[in-house]
Structures are given as C-alpha cells and as structure tokens.
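Below is one structure; the comments refer to it alone.
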Amino acid sequence: MATTESVRLTYAFDVYCPWCYGFGPTLRSFAQDNAYRIRLHIRSAGLYTGARARPVSAHSRMAEECERVTRLTGVGFGAGFARALTDGTTVADSTAAAAGLAVLFGQADEVGVPHLDAAEAVQQAWFVDGRSLADPEVYRDIAAGLGLDASSVTAVYASPAPWEQARADFRALRRLHVTTYPTLLLHTAHGAGRLGGAASTAASLTAALDQCLAGAFPRPTSTPPSVPQGELS
C-alpha cells in the first residue's frame with residue numbers, strides 16, 4: 001500500500017566493504033522506485049578503524065569476498081582495484097574514507113546533489129580504480145565530476161569537521177546496534193528495524209516496505225543476513 005507520507009531509512013555502509021559495493025545497484029533501484037515516499041540517510045560505518053586500519057595485504061579474505069560478491073550480485077570489480085590488491089600496500093582506513101565522504105555530502109547539500117551519487121563515486125574510486133581513499137585528491141576529482149566545489153575539498157578534508165562527522169556516524173550506528181554491512185534500517189514509531197539484507201533485490205525491498213507501511217508487521221523484522229557481510233568485530 002503506497003503512502004504519501006515520507007518515511008525515514010538509514011543506510012549503514014562502509015566504503016571498503018565489498019558487500020556494500022555489490023548491494024549498490026539494488027539500493028539505487030530501490031531508492032529510485034520509492035523516491036516519492038522515503039528519505040534515505042546514509043551513514044558511514046567504521047569497519048576498518050584503529051588496529052583494523054591495515055594494508056589490504058593483511059585482509060587476506062578480501063579478494064575471496066569480492067569473488068563471492070560478483071557471483072551473487074553480478075557486480076564486477078575494476079582492473080585498478082585488482083592491481084591495488086596485488087600490490088597490497090593501500091591501507092583500508094574507514095575513518096579517512098568516511099571523512100572524505102562527509103566533505104562531499106556537505107558540498108552536495110549546497111547544490112542538491114544526492115548523497116547516493118557521492119557514495120557510489122567514492123566506492124568506484126576504490127573498487128574500480130583502486131585509489132587510496134586516504135588521498136584528498138580522490139575527493140577533489142569526485143567533486144569535480146559531480147559538479148561540486150573541487151577547489152575547496154582538500155582544505156575542508158584537512159579540517160577537524162569531517163573527521164568529527166565520521167566518528168559521529170560510527171557512534172550513531174553503534175547506538176542502533178548495527179554491526180554488519182550493508183544494513184538498511186526502517187525507522188518507525190517502534191524504533192529502527194532491518195529491512196532486507198545484502199542478497200535482497202529492489203523488488204523484495206519494496207515489498208517489505210509495503211508490508212511495513214500497510215501495518216502487516218507493526219515492527220520491522222530483524223532478518224538475519226543470508227550471505228556473509230562486512231562485520232565489525
């Protein structure tokens with residue numbers, strides 16, 4: 001049952017998470033299909049922070065996970081990413097990536113560029129081009145491609161504000177008890193509950209949203225993921 005009232009969803013993802021990259025086309029389709037009734041808020045997760053922010057060579061399962069993502073979703077990874085995995089020296093640092101994304105989101109709000117466009121561009125910089133997401137020039141290039149203020153990106157990235165926003169996102173997701181990614185949360189009067197999982201299709205997400213809005217399930221169900229996902233341990 002459609003509704004004219006907009007409902008809020010939170011998308012919890014980590015730019016370095018292959019499952020989040022594989023889920024991207026599904027989320028894009030779902031968001032477009034339901035644009036008239038949802039407000040999608042994207043929050044970065046701290047999958048690789050602190051002692052977990054290590055060179056990709058230390059994450060021995062990353063290549064295997066990417067192969068599984070491709071088998072499940074059909075989403076491919078780029079030659080630049082393959083070279084970065086082979087080289088192994090790029091540090092997967094979720095805080096640096098989340099700070100860069102915060103810079104882009106701030107600029108996107110000023111000109112009406114969807115946050116989802118910026119998030120996808122950052123994912124492609126890593127999973128297609130293999131660029132380090134700790135490099136401010138990545139965000140300068142993305143800003144230019146999205147029609148944002150590329151000239152100010154490096155200055156803003158070097159300031160405390162986006163880093164504080166990144167950590168605020170991590171804390172917000174911890175308060176929501178989100179520990180696997182991607183996670184799509186539907187907010188209702190009863191709280192926040194998981195909508196679908198990494199293996200969902202856009203159609204199944206829309207069907208689940210319909211059921212929740214129709215009142216068939218007064219509380220969003222917490223569906224266990226049917227496939228391995230990025231996990232915060």
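Labeling convention for the structure tokens: chains A, B, ... as they appear, residues from 1 per chain, ligands from 1 in order of appearance.
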
Excluding Thr89 of chain A and residues on its chain fewer than 6 positions from it, collect all residues at most 12 Å away from it, counting only C-alpha atoms, and give them as a PDB file with N, CA and C atoms, in the first residue's frame.
ATOM      1  N   ALA A  53      42.678  -0.782  10.763  1.00  0.00           N
ATOM      2  CA  ALA A  53      43.082   0.020   9.607  1.00  0.00           C
ATOM      3  C   ALA A  53      44.483  -0.403   9.198  1.00  0.00           C
ATOM      4  N   ARG A  54      44.545  -1.413   8.348  1.00  0.00           N
ATOM      5  CA  ARG A  54      45.811  -2.018   7.956  1.00  0.00           C
ATOM      6  C   ARG A  54      45.906  -2.091   6.426  1.00  0.00           C
ATOM      7  N   PRO A  55      47.086  -2.345   5.904  1.00  0.00           N
ATOM      8  CA  PRO A  55      47.206  -2.554   4.452  1.00  0.00           C
ATOM      9  C   PRO A  55      46.305  -3.701   4.001  1.00  0.00           C
ATOM     10  N   VAL A  56      45.813  -3.608   2.776  1.00  0.00           N
ATOM     11  CA  VAL A  56      44.873  -4.620   2.304  1.00  0.00           C
ATOM     12  C   VAL A  56      45.516  -6.000   2.244  1.00  0.00           C
ATOM     13  N   SER A  57      46.834  -6.065   2.186  1.00  0.00           N
ATOM     14  CA  SER A  57      47.506  -7.366   2.202  1.00  0.00           C
ATOM     15  C   SER A  57      47.228  -8.117   3.495  1.00  0.00           C
ATOM     16  N   ALA A  58      46.884  -7.373   4.571  1.00  0.00           N
ATOM     17  CA  ALA A  58      46.585  -8.005   5.859  1.00  0.00           C
ATOM     18  C   ALA A  58      45.160  -8.544   5.922  1.00  0.00           C
ATOM     19  N   HIS A  59      44.334  -8.138   4.966  1.00  0.00           N
ATOM     20  CA  HIS A  59      42.948  -8.619   4.918  1.00  0.00           C
ATOM     21  C   HIS A  59      42.885  -9.727   3.861  1.00  0.00           C
ATOM     22  N   ARG A  83      44.834  -4.428  -9.222  1.00  0.00           N
ATOM     23  CA  ARG A  83      46.253  -4.074  -9.041  1.00  0.00           C
ATOM     24  C   ARG A  83      46.529  -3.653  -7.604  1.00  0.00           C
ATOM     25  N   GLY A 130      40.890   1.497  -7.780  1.00  0.00           N
ATOM     26  CA  GLY A 130      41.924   1.095  -6.832  1.00  0.00           C
ATOM     27  C   GLY A 130      42.670   2.245  -6.192  1.00  0.00           C
ATOM     28  N   ARG A 131      42.031   3.406  -6.065  1.00  0.00           N
ATOM     29  CA  ARG A 131      42.690   4.574  -5.484  1.00  0.00           C
ATOM     30  C   ARG A 131      42.553   4.567  -3.963  1.00  0.00           C
ATOM     31  N   SER A 132      43.561   5.038  -3.288  1.00  0.00           N
ATOM     32  CA  SER A 132      43.520   5.124  -1.834  1.00  0.00           C
ATOM     33  C   SER A 132      42.511   6.172  -1.399  1.00  0.00           C
TER      34      SER A 132
END

| said: Using only C-alpha atoms, which protein or nucleic acid residues come within 9 Å of Arg39 of chain A? Drop anything in the same chain fewer than 5 positions from it, and give the result as a ChimeraX atom specification. | reply: /A:6-10,31

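We find atom CA of Phe13 of chain A and atom CA of Ser44 of chain A to be spaced 5.4 Å apart.
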
Where does segment 33-128 of chain A meet segment 19-23 of chain A within 7 Å, residue by residue, with the nearest atom pair and distance in Å to one decimal for each, counting only C-alpha atoms, listed by chain and rising number, as CSV?
residue,atom,partner,partner_atom,distance
A:Val69,CA,A:Gly22,CA,5.9
A:Thr73,CA,A:Gly22,CA,6.0
A:Val75,CA,A:Gly22,CA,5.6
A:Gln123,CA,A:Tyr21,CA,6.6

Atoms kept (C-alpha atoms) for selection, written as a CSV table (one decimal), in the first residue's frame:
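This is the output file result25.csv:
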chain,number,residue,atom,x,y,z
A,69,VAL,CA,30.1,-10.7,-4.3
A,73,THR,CA,25.2,-9.9,-7.5
A,75,VAL,CA,28.7,-6.6,-9.9
A,123,GLN,CA,33.1,3.3,-3.9

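Taking atom CA of Ala84 of chain A and atom CA of Ala97 of chain A as endpoints, the distance between them is 16.2 Å.
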
| message | Env of Ala143 of chain A: 10 Å cut, atoms = only C-alpha atoms, seq-sep filter 3 positions within chain, self excluded. Answer as a PyMOL selection string. | response | chain A and resi 103-105+107-108+118+121+137-140+146-153

Any chance you could list, as a short mmCIF file (atom, residue, chain, number, x, y, z; two decimals) with all heavy atoms, in the first residue's frame, the residues in segment 62-151 of chain A that come up alpha helix (DSSP H) when DSSP is run on the backbone?
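Below is the file that was written, selection-v6.cif:
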data_model
loop_
_atom_site.label_atom_id
_atom_site.label_comp_id
_atom_site.auth_asym_id
_atom_site.auth_seq_id
_atom_site.Cartn_x
_atom_site.Cartn_y
_atom_site.Cartn_z
N MET A 62 39.80 -10.55 1.47
CA MET A 62 39.13 -9.53 0.67
C MET A 62 38.92 -9.98 -0.77
O MET A 62 37.84 -9.81 -1.34
CB MET A 62 39.90 -8.21 0.72
CG MET A 62 39.14 -7.06 0.05
SD MET A 62 39.91 -5.44 0.28
CE MET A 62 39.54 -5.14 2.02
N ALA A 63 39.95 -10.55 -1.39
CA ALA A 63 39.81 -11.00 -2.78
C ALA A 63 38.76 -12.09 -2.89
O ALA A 63 37.94 -12.10 -3.83
CB ALA A 63 41.15 -11.49 -3.31
N GLU A 64 38.76 -13.01 -1.94
CA GLU A 64 37.76 -14.09 -1.95
C GLU A 64 36.35 -13.53 -1.78
O GLU A 64 35.41 -13.96 -2.47
CB GLU A 64 38.07 -15.07 -0.82
CG GLU A 64 37.06 -16.20 -0.69
CD GLU A 64 37.34 -17.06 0.53
OE1 GLU A 64 38.45 -16.97 1.09
OE2 GLU A 64 36.43 -17.82 0.93
N GLU A 65 36.20 -12.55 -0.89
CA GLU A 65 34.89 -11.95 -0.69
C GLU A 65 34.41 -11.26 -1.97
O GLU A 65 33.23 -11.34 -2.31
CB GLU A 65 34.94 -10.94 0.45
CG GLU A 65 34.93 -11.55 1.83
CD GLU A 65 34.68 -10.50 2.90
OE1 GLU A 65 33.52 -10.07 3.06
OE2 GLU A 65 35.65 -10.12 3.55
N CYS A 66 35.32 -10.59 -2.66
CA CYS A 66 34.95 -9.90 -3.89
C CYS A 66 34.46 -10.90 -4.94
O CYS A 66 33.50 -10.62 -5.67
CB CYS A 66 36.12 -9.08 -4.42
SG CYS A 66 36.55 -7.68 -3.37
N GLU A 67 35.10 -12.05 -5.02
CA GLU A 67 34.65 -13.08 -5.96
C GLU A 67 33.24 -13.55 -5.61
O GLU A 67 32.40 -13.77 -6.49
CB GLU A 67 35.63 -14.25 -5.94
CG GLU A 67 36.99 -13.92 -6.54
CD GLU A 67 37.97 -15.06 -6.38
OE1 GLU A 67 37.57 -16.11 -5.82
OE2 GLU A 67 39.14 -14.91 -6.80
N ARG A 68 32.96 -13.69 -4.33
CA ARG A 68 31.63 -14.13 -3.90
C ARG A 68 30.60 -13.06 -4.19
O ARG A 68 29.46 -13.37 -4.56
CB ARG A 68 31.65 -14.49 -2.42
CG ARG A 68 32.58 -15.66 -2.10
CD ARG A 68 32.54 -16.02 -0.63
NE ARG A 68 31.27 -16.60 -0.23
CZ ARG A 68 30.97 -16.95 1.01
NH1 ARG A 68 31.84 -16.74 1.98
NH2 ARG A 68 29.80 -17.49 1.28
N VAL A 69 30.96 -11.80 -4.02
CA VAL A 69 30.05 -10.70 -4.32
C VAL A 69 29.68 -10.73 -5.79
O VAL A 69 28.51 -10.57 -6.17
CB VAL A 69 30.69 -9.35 -3.94
CG1 VAL A 69 29.88 -8.20 -4.52
CG2 VAL A 69 30.79 -9.22 -2.43
N THR A 70 30.66 -10.93 -6.65
CA THR A 70 30.39 -10.98 -8.09
C THR A 70 29.48 -12.15 -8.44
O THR A 70 28.55 -12.01 -9.24
CB THR A 70 31.71 -11.08 -8.88
OG1 THR A 70 32.48 -9.89 -8.65
CG2 THR A 70 31.44 -11.21 -10.37
N ARG A 71 29.72 -13.32 -7.82
CA ARG A 71 28.87 -14.48 -8.10
C ARG A 71 27.43 -14.23 -7.67
O ARG A 71 26.49 -14.63 -8.35
CB ARG A 71 29.42 -15.72 -7.40
CG ARG A 71 30.69 -16.28 -8.00
CD ARG A 71 30.95 -17.71 -7.57
NE ARG A 71 31.06 -17.84 -6.12
CZ ARG A 71 32.21 -17.76 -5.45
NH1 ARG A 71 33.34 -17.52 -6.10
NH2 ARG A 71 32.24 -17.90 -4.14
N LEU A 72 27.26 -13.56 -6.54
CA LEU A 72 25.92 -13.35 -6.01
C LEU A 72 25.18 -12.21 -6.70
O LEU A 72 23.98 -12.32 -7.00
CB LEU A 72 25.99 -13.05 -4.51
CG LEU A 72 24.65 -12.80 -3.83
CD1 LEU A 72 23.85 -14.10 -3.74
CD2 LEU A 72 24.83 -12.19 -2.45
N THR A 73 25.89 -11.12 -6.98
CA THR A 73 25.22 -9.90 -7.46
C THR A 73 25.47 -9.59 -8.93
O THR A 73 24.74 -8.79 -9.51
CB THR A 73 25.67 -8.69 -6.63
OG1 THR A 73 27.05 -8.40 -6.91
CG2 THR A 73 25.50 -8.94 -5.14
N ALA A 79 40.06 -3.16 -12.94
CA ALA A 79 41.46 -3.55 -13.05
C ALA A 79 42.33 -2.78 -12.06
O ALA A 79 43.30 -3.33 -11.51
CB ALA A 79 41.95 -3.30 -14.47
N GLY A 80 42.00 -1.53 -11.80
CA GLY A 80 42.77 -0.75 -10.83
C GLY A 80 42.66 -1.34 -9.44
O GLY A 80 43.65 -1.38 -8.68
N PHE A 81 41.49 -1.82 -9.09
CA PHE A 81 41.29 -2.46 -7.79
C PHE A 81 42.10 -3.76 -7.71
O PHE A 81 42.74 -4.04 -6.69
CB PHE A 81 39.81 -2.74 -7.58
CG PHE A 81 39.51 -3.54 -6.35
CD1 PHE A 81 39.71 -3.01 -5.09
CD2 PHE A 81 39.00 -4.83 -6.45
CE1 PHE A 81 39.42 -3.75 -3.95
CE2 PHE A 81 38.72 -5.57 -5.31
CZ PHE A 81 38.93 -5.02 -4.05
N ALA A 82 42.08 -4.53 -8.78
CA ALA A 82 42.85 -5.78 -8.80
C ALA A 82 44.34 -5.50 -8.59
O ALA A 82 45.03 -6.22 -7.86
CB ALA A 82 42.62 -6.52 -10.10
N ARG A 83 44.83 -4.43 -9.22
CA ARG A 83 46.25 -4.07 -9.04
C ARG A 83 46.53 -3.65 -7.60
O ARG A 83 47.58 -4.00 -7.03
CB ARG A 83 46.63 -2.95 -10.01
CG ARG A 83 46.75 -3.39 -11.47
CD ARG A 83 47.41 -2.31 -12.31
NE ARG A 83 46.60 -1.10 -12.37
CZ ARG A 83 45.66 -0.87 -13.30
NH1 ARG A 83 45.42 -1.79 -14.24
NH2 ARG A 83 44.98 0.25 -13.31
N ALA A 84 45.59 -2.92 -7.00
CA ALA A 84 45.78 -2.49 -5.62
C ALA A 84 45.82 -3.68 -4.67
O ALA A 84 46.62 -3.70 -3.72
CB ALA A 84 44.66 -1.52 -5.21
N LEU A 85 44.98 -4.69 -4.91
CA LEU A 85 45.01 -5.88 -4.08
C LEU A 85 46.32 -6.63 -4.25
O LEU A 85 46.90 -7.12 -3.27
CB LEU A 85 43.84 -6.80 -4.43
CG LEU A 85 42.45 -6.42 -3.92
CD1 LEU A 85 41.48 -7.55 -4.18
CD2 LEU A 85 42.45 -6.06 -2.45
N THR A 86 46.80 -6.73 -5.48
CA THR A 86 48.06 -7.43 -5.74
C THR A 86 49.22 -6.70 -5.08
O THR A 86 50.10 -7.32 -4.46
CB THR A 86 48.31 -7.54 -7.24
OG1 THR A 86 47.24 -8.29 -7.84
CG2 THR A 86 49.62 -8.25 -7.53
N ASP A 87 49.23 -5.38 -5.19
CA ASP A 87 50.29 -4.59 -4.56
C ASP A 87 50.21 -4.69 -3.04
O ASP A 87 51.23 -4.85 -2.36
CB ASP A 87 50.18 -3.13 -5.01
CG ASP A 87 51.17 -2.23 -4.32
OD1 ASP A 87 52.37 -2.30 -4.64
OD2 ASP A 87 50.75 -1.46 -3.42
N SER A 94 38.78 3.24 7.26
CA SER A 94 37.39 3.67 7.13
C SER A 94 37.17 5.08 7.64
O SER A 94 36.27 5.78 7.15
CB SER A 94 36.48 2.71 7.90
OG SER A 94 36.45 1.44 7.30
N THR A 95 37.97 5.53 8.60
CA THR A 95 37.79 6.89 9.10
C THR A 95 38.16 7.91 8.03
O THR A 95 37.44 8.89 7.82
CB THR A 95 38.63 7.12 10.37
OG1 THR A 95 38.36 6.11 11.33
CG2 THR A 95 38.31 8.48 10.98
N ALA A 96 39.27 7.68 7.35
CA ALA A 96 39.67 8.59 6.28
C ALA A 96 38.64 8.62 5.17
O ALA A 96 38.32 9.69 4.63
CB ALA A 96 41.03 8.16 5.73
N ALA A 97 38.09 7.46 4.82
CA ALA A 97 37.08 7.40 3.77
C ALA A 97 35.80 8.09 4.20
O ALA A 97 35.17 8.81 3.42
CB ALA A 97 36.81 5.94 3.40
N ALA A 98 35.38 7.87 5.44
CA ALA A 98 34.16 8.48 5.94
C ALA A 98 34.30 10.00 6.02
O ALA A 98 33.34 10.75 5.78
CB ALA A 98 33.80 7.91 7.30
N ALA A 99 35.50 10.48 6.36
CA ALA A 99 35.73 11.92 6.40
C ALA A 99 35.63 12.52 5.00
O ALA A 99 35.03 13.58 4.80
CB ALA A 99 37.10 12.22 7.01
N GLY A 100 36.22 11.83 4.02
CA GLY A 100 36.10 12.31 2.65
C GLY A 100 34.67 12.35 2.17
O GLY A 100 34.24 13.29 1.49
N LEU A 101 33.92 11.33 2.55
CA LEU A 101 32.51 11.29 2.16
C LEU A 101 31.74 12.42 2.83
O LEU A 101 30.85 13.03 2.22
CB LEU A 101 31.92 9.94 2.53
CG LEU A 101 30.61 9.54 1.84
CD1 LEU A 101 30.72 9.60 0.33
CD2 LEU A 101 30.20 8.15 2.29
N ALA A 102 32.08 12.72 4.08
CA ALA A 102 31.42 13.82 4.78
C ALA A 102 31.66 15.15 4.08
O ALA A 102 30.76 16.00 4.01
CB ALA A 102 31.91 13.89 6.23
N VAL A 103 32.87 15.35 3.55
CA VAL A 103 33.16 16.57 2.79
C VAL A 103 32.25 16.65 1.57
O VAL A 103 31.63 17.68 1.28
CB VAL A 103 34.64 16.60 2.35
CG1 VAL A 103 34.89 17.80 1.43
CG2 VAL A 103 35.56 16.67 3.56
N LEU A 104 32.14 15.54 0.85
CA LEU A 104 31.31 15.53 -0.36
C LEU A 104 29.83 15.73 -0.01
O LEU A 104 29.12 16.45 -0.72
CB LEU A 104 31.50 14.20 -1.09
CG LEU A 104 32.90 13.94 -1.66
CD1 LEU A 104 32.97 12.55 -2.26
CD2 LEU A 104 33.27 14.99 -2.70
N PHE A 105 29.37 15.11 1.06
CA PHE A 105 27.97 15.28 1.47
C PHE A 105 27.68 16.74 1.79
O PHE A 105 26.62 17.27 1.43
CB PHE A 105 27.66 14.41 2.68
CG PHE A 105 27.46 12.95 2.38
CD1 PHE A 105 27.25 12.04 3.40
CD2 PHE A 105 27.48 12.47 1.08
CE1 PHE A 105 27.06 10.70 3.14
CE2 PHE A 105 27.30 11.12 0.79
CZ PHE A 105 27.08 10.23 1.84
N GLY A 106 28.61 17.39 2.49
CA GLY A 106 28.40 18.79 2.83
C GLY A 106 28.27 19.67 1.60
O GLY A 106 27.40 20.55 1.54
N GLN A 107 29.12 19.41 0.61
CA GLN A 107 29.02 20.18 -0.63
C GLN A 107 27.78 19.80 -1.43
O GLN A 107 27.14 20.65 -2.04
CB GLN A 107 30.28 19.96 -1.47
CG GLN A 107 31.53 20.56 -0.88
CD GLN A 107 32.67 20.64 -1.88
OE1 GLN A 107 32.54 20.20 -3.01
NE2 GLN A 107 33.78 21.20 -1.46
N ALA A 108 27.44 18.52 -1.42
CA ALA A 108 26.26 18.05 -2.17
C ALA A 108 25.00 18.72 -1.65
O ALA A 108 24.09 19.05 -2.43
CB ALA A 108 26.16 16.53 -2.07
N ASP A 109 24.91 18.92 -0.34
CA ASP A 109 23.72 19.55 0.24
C ASP A 109 23.53 20.97 -0.27
O ASP A 109 22.39 21.46 -0.39
CB ASP A 109 23.83 19.57 1.77
CG ASP A 109 23.66 18.20 2.39
OD1 ASP A 109 23.07 17.31 1.73
OD2 ASP A 109 24.13 18.01 3.53
N GLU A 110 24.63 21.63 -0.58
CA GLU A 110 24.55 23.02 -1.01
C GLU A 110 23.97 23.16 -2.42
O GLU A 110 23.39 24.20 -2.74
CB GLU A 110 25.93 23.66 -0.96
CG GLU A 110 26.52 23.75 0.44
CD GLU A 110 27.93 24.33 0.44
OE1 GLU A 110 28.39 24.75 -0.64
OE2 GLU A 110 28.55 24.38 1.52
N VAL A 111 24.11 22.14 -3.25
CA VAL A 111 23.67 22.24 -4.64
C VAL A 111 22.63 21.19 -5.03
O VAL A 111 22.23 21.11 -6.19
CB VAL A 111 24.87 22.16 -5.61
CG1 VAL A 111 25.80 23.35 -5.40
CG2 VAL A 111 25.63 20.86 -5.43
N HIS A 115 23.15 12.34 -2.02
CA HIS A 115 24.24 11.71 -1.30
C HIS A 115 24.61 10.36 -1.91
O HIS A 115 25.78 9.95 -1.88
CB HIS A 115 23.87 11.51 0.17
CG HIS A 115 23.91 12.77 0.97
ND1 HIS A 115 23.91 12.78 2.35
CD2 HIS A 115 23.96 14.09 0.58
CE1 HIS A 115 23.95 14.04 2.78
NE2 HIS A 115 23.98 14.84 1.73
N LEU A 116 23.61 9.66 -2.45
CA LEU A 116 23.88 8.35 -3.03
C LEU A 116 24.84 8.47 -4.20
O LEU A 116 25.68 7.58 -4.41
CB LEU A 116 22.56 7.70 -3.47
CG LEU A 116 22.60 6.21 -3.83
CD1 LEU A 116 23.18 5.38 -2.70
CD2 LEU A 116 21.20 5.73 -4.19
N ASP A 117 24.76 9.55 -4.96
CA ASP A 117 25.70 9.75 -6.07
C ASP A 117 27.14 9.86 -5.56
O ASP A 117 28.06 9.28 -6.14
CB ASP A 117 25.35 11.03 -6.84
CG ASP A 117 24.05 10.91 -7.63
OD1 ASP A 117 23.42 9.83 -7.60
OD2 ASP A 117 23.65 11.91 -8.26
N ALA A 118 27.31 10.61 -4.47
CA ALA A 118 28.65 10.78 -3.91
C ALA A 118 29.17 9.46 -3.34
O ALA A 118 30.34 9.10 -3.53
CB ALA A 118 28.63 11.86 -2.84
N ALA A 119 28.31 8.73 -2.64
CA ALA A 119 28.73 7.46 -2.05
C ALA A 119 29.15 6.47 -3.13
O ALA A 119 30.17 5.78 -2.99
CB ALA A 119 27.59 6.88 -1.21
N GLU A 120 28.40 6.40 -4.21
CA GLU A 120 28.75 5.50 -5.31
C GLU A 120 30.06 5.90 -5.95
O GLU A 120 30.88 5.03 -6.32
CB GLU A 120 27.63 5.48 -6.35
CG GLU A 120 26.37 4.77 -5.89
CD GLU A 120 25.25 4.86 -6.90
OE1 GLU A 120 25.35 5.72 -7.82
OE2 GLU A 120 24.28 4.10 -6.79
N ALA A 121 30.28 7.19 -6.10
CA ALA A 121 31.53 7.66 -6.72
C ALA A 121 32.75 7.29 -5.88
O ALA A 121 33.80 6.91 -6.40
CB ALA A 121 31.47 9.17 -6.93
N VAL A 122 32.61 7.37 -4.55
CA VAL A 122 33.73 7.00 -3.67
C VAL A 122 33.97 5.50 -3.74
O VAL A 122 35.12 5.04 -3.80
CB VAL A 122 33.46 7.46 -2.22
CG1 VAL A 122 34.59 6.98 -1.31
CG2 VAL A 122 33.36 8.98 -2.16
N GLN A 123 32.90 4.70 -3.76
CA GLN A 123 33.06 3.26 -3.90
C GLN A 123 33.77 2.90 -5.20
O GLN A 123 34.65 2.03 -5.23
CB GLN A 123 31.70 2.57 -3.85
CG GLN A 123 31.09 2.52 -2.46
CD GLN A 123 29.73 1.85 -2.47
OE1 GLN A 123 28.84 2.23 -3.23
NE2 GLN A 123 29.56 0.85 -1.64
N GLN A 124 33.41 3.57 -6.27
CA GLN A 124 34.03 3.28 -7.56
C GLN A 124 35.50 3.67 -7.57
O GLN A 124 36.32 2.99 -8.21
CB GLN A 124 33.27 4.01 -8.67
CG GLN A 124 31.89 3.40 -8.94
CD GLN A 124 31.05 4.26 -9.85
OE1 GLN A 124 31.52 5.26 -10.40
NE2 GLN A 124 29.78 3.89 -10.02
N ALA A 125 35.84 4.73 -6.84
CA ALA A 125 37.25 5.13 -6.78
C ALA A 125 38.11 4.01 -6.21
O ALA A 125 39.26 3.84 -6.61
CB ALA A 125 37.39 6.40 -5.93
N TRP A 126 37.55 3.22 -5.29
CA TRP A 126 38.30 2.12 -4.71
C TRP A 126 38.08 0.83 -5.49
O TRP A 126 39.04 0.22 -5.99
CB TRP A 126 37.93 1.93 -3.24
CG TRP A 126 38.47 0.68 -2.61
CD1 TRP A 126 37.76 -0.31 -2.01
CD2 TRP A 126 39.84 0.27 -2.53
NE1 TRP A 126 38.58 -1.32 -1.56
CE2 TRP A 126 39.87 -0.98 -1.86
CE3 TRP A 126 41.04 0.82 -2.96
CZ2 TRP A 126 41.06 -1.68 -1.62
CZ3 TRP A 126 42.22 0.13 -2.71
CH2 TRP A 126 42.23 -1.10 -2.05
N PHE A 127 36.83 0.40 -5.65
CA PHE A 127 36.55 -0.92 -6.20
C PHE A 127 36.70 -1.01 -7.72
O PHE A 127 36.73 -2.10 -8.27
CB PHE A 127 35.16 -1.39 -5.79
CG PHE A 127 35.08 -1.81 -4.35
CD1 PHE A 127 34.31 -1.10 -3.44
CD2 PHE A 127 35.80 -2.91 -3.89
CE1 PHE A 127 34.24 -1.49 -2.11
CE2 PHE A 127 35.74 -3.30 -2.56
CZ PHE A 127 34.96 -2.59 -1.67
N PRO A 136 43.37 12.97 -0.44
CA PRO A 136 42.41 14.05 -0.67
C PRO A 136 42.12 14.31 -2.14
O PRO A 136 41.03 14.79 -2.49
CB PRO A 136 43.09 15.27 -0.02
CG PRO A 136 44.05 14.70 0.96
CD PRO A 136 44.52 13.41 0.36
N GLU A 137 43.08 14.00 -3.02
CA GLU A 137 42.87 14.24 -4.44
C GLU A 137 41.73 13.38 -5.00
O GLU A 137 41.09 13.75 -5.98
CB GLU A 137 44.16 13.96 -5.22
CG GLU A 137 45.27 14.96 -4.93
CD GLU A 137 44.85 16.40 -5.24
OE1 GLU A 137 44.27 16.62 -6.33
OE2 GLU A 137 45.09 17.28 -4.40
N VAL A 138 41.47 12.24 -4.37
CA VAL A 138 40.33 11.42 -4.79
C VAL A 138 39.04 12.21 -4.66
O VAL A 138 38.20 12.23 -5.56
CB VAL A 138 40.26 10.12 -3.95
CG1 VAL A 138 38.94 9.38 -4.18
CG2 VAL A 138 41.43 9.21 -4.28
N TYR A 139 38.88 12.90 -3.54
CA TYR A 139 37.65 13.64 -3.29
C TYR A 139 37.57 14.91 -4.13
O TYR A 139 36.49 15.34 -4.53
CB TYR A 139 37.52 13.93 -1.79
CG TYR A 139 37.65 12.65 -1.00
CD1 TYR A 139 38.82 12.37 -0.29
CD2 TYR A 139 36.66 11.68 -1.05
CE1 TYR A 139 38.97 11.17 0.38
CE2 TYR A 139 36.81 10.48 -0.39
CZ TYR A 139 37.96 10.23 0.31
OH TYR A 139 38.11 9.02 0.96
N ARG A 140 38.74 15.49 -4.42
CA ARG A 140 38.77 16.63 -5.33
C ARG A 140 38.26 16.20 -6.72
O ARG A 140 37.44 16.88 -7.33
CB ARG A 140 40.18 17.19 -5.44
CG ARG A 140 40.29 18.35 -6.43
CD ARG A 140 41.75 18.66 -6.73
NE ARG A 140 42.42 19.27 -5.60
CZ ARG A 140 42.46 20.59 -5.38
NH1 ARG A 140 41.88 21.41 -6.24
NH2 ARG A 140 43.11 21.07 -4.34
N ASP A 141 38.74 15.06 -7.20
CA ASP A 141 38.32 14.58 -8.51
C ASP A 141 36.84 14.21 -8.54
O ASP A 141 36.13 14.48 -9.52
CB ASP A 141 39.16 13.36 -8.92
CG ASP A 141 40.62 13.72 -9.17
OD1 ASP A 141 40.93 14.92 -9.32
OD2 ASP A 141 41.46 12.79 -9.21
N ILE A 142 36.37 13.59 -7.47
CA ILE A 142 34.96 13.22 -7.40
C ILE A 142 34.09 14.47 -7.37
O ILE A 142 33.06 14.55 -8.05
CB ILE A 142 34.68 12.34 -6.17
CG1 ILE A 142 35.33 10.96 -6.36
CG2 ILE A 142 33.18 12.18 -5.93
CD1 ILE A 142 35.27 10.08 -5.14
N ALA A 143 34.50 15.46 -6.58
CA ALA A 143 33.75 16.70 -6.51
C ALA A 143 33.64 17.34 -7.89
O ALA A 143 32.56 17.82 -8.29
CB ALA A 143 34.41 17.67 -5.53
N ALA A 144 34.74 17.36 -8.63
CA ALA A 144 34.72 17.94 -9.97
C ALA A 144 33.75 17.17 -10.87
O ALA A 144 32.98 17.77 -11.64
CB ALA A 144 36.12 17.92 -10.57
N GLY A 145 33.75 15.84 -10.76
CA GLY A 145 32.86 15.03 -11.58
C GLY A 145 31.40 15.22 -11.24
O GLY A 145 30.52 15.06 -12.11
N LEU A 146 31.10 15.57 -9.99
CA LEU A 146 29.71 15.77 -9.56
C LEU A 146 29.26 17.22 -9.67
O LEU A 146 28.12 17.55 -9.32
CB LEU A 146 29.55 15.30 -8.11
CG LEU A 146 29.72 13.80 -7.85
CD1 LEU A 146 29.67 13.53 -6.36
CD2 LEU A 146 28.66 12.99 -8.58
#

| field | Spatial neighbours of segment 46-52 of chain A, 12 Å, only C-alpha atoms, chain gap at least 3 places, as a ChimeraX atom specification | value | /A:12-18,20,43,55-56,58-59,91-99,163,165-174,178-182,229-233

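When atom CA of Asp33 of chain A is paired with atom CA of Asp129 of chain A, their separation reads 28.8 Å.
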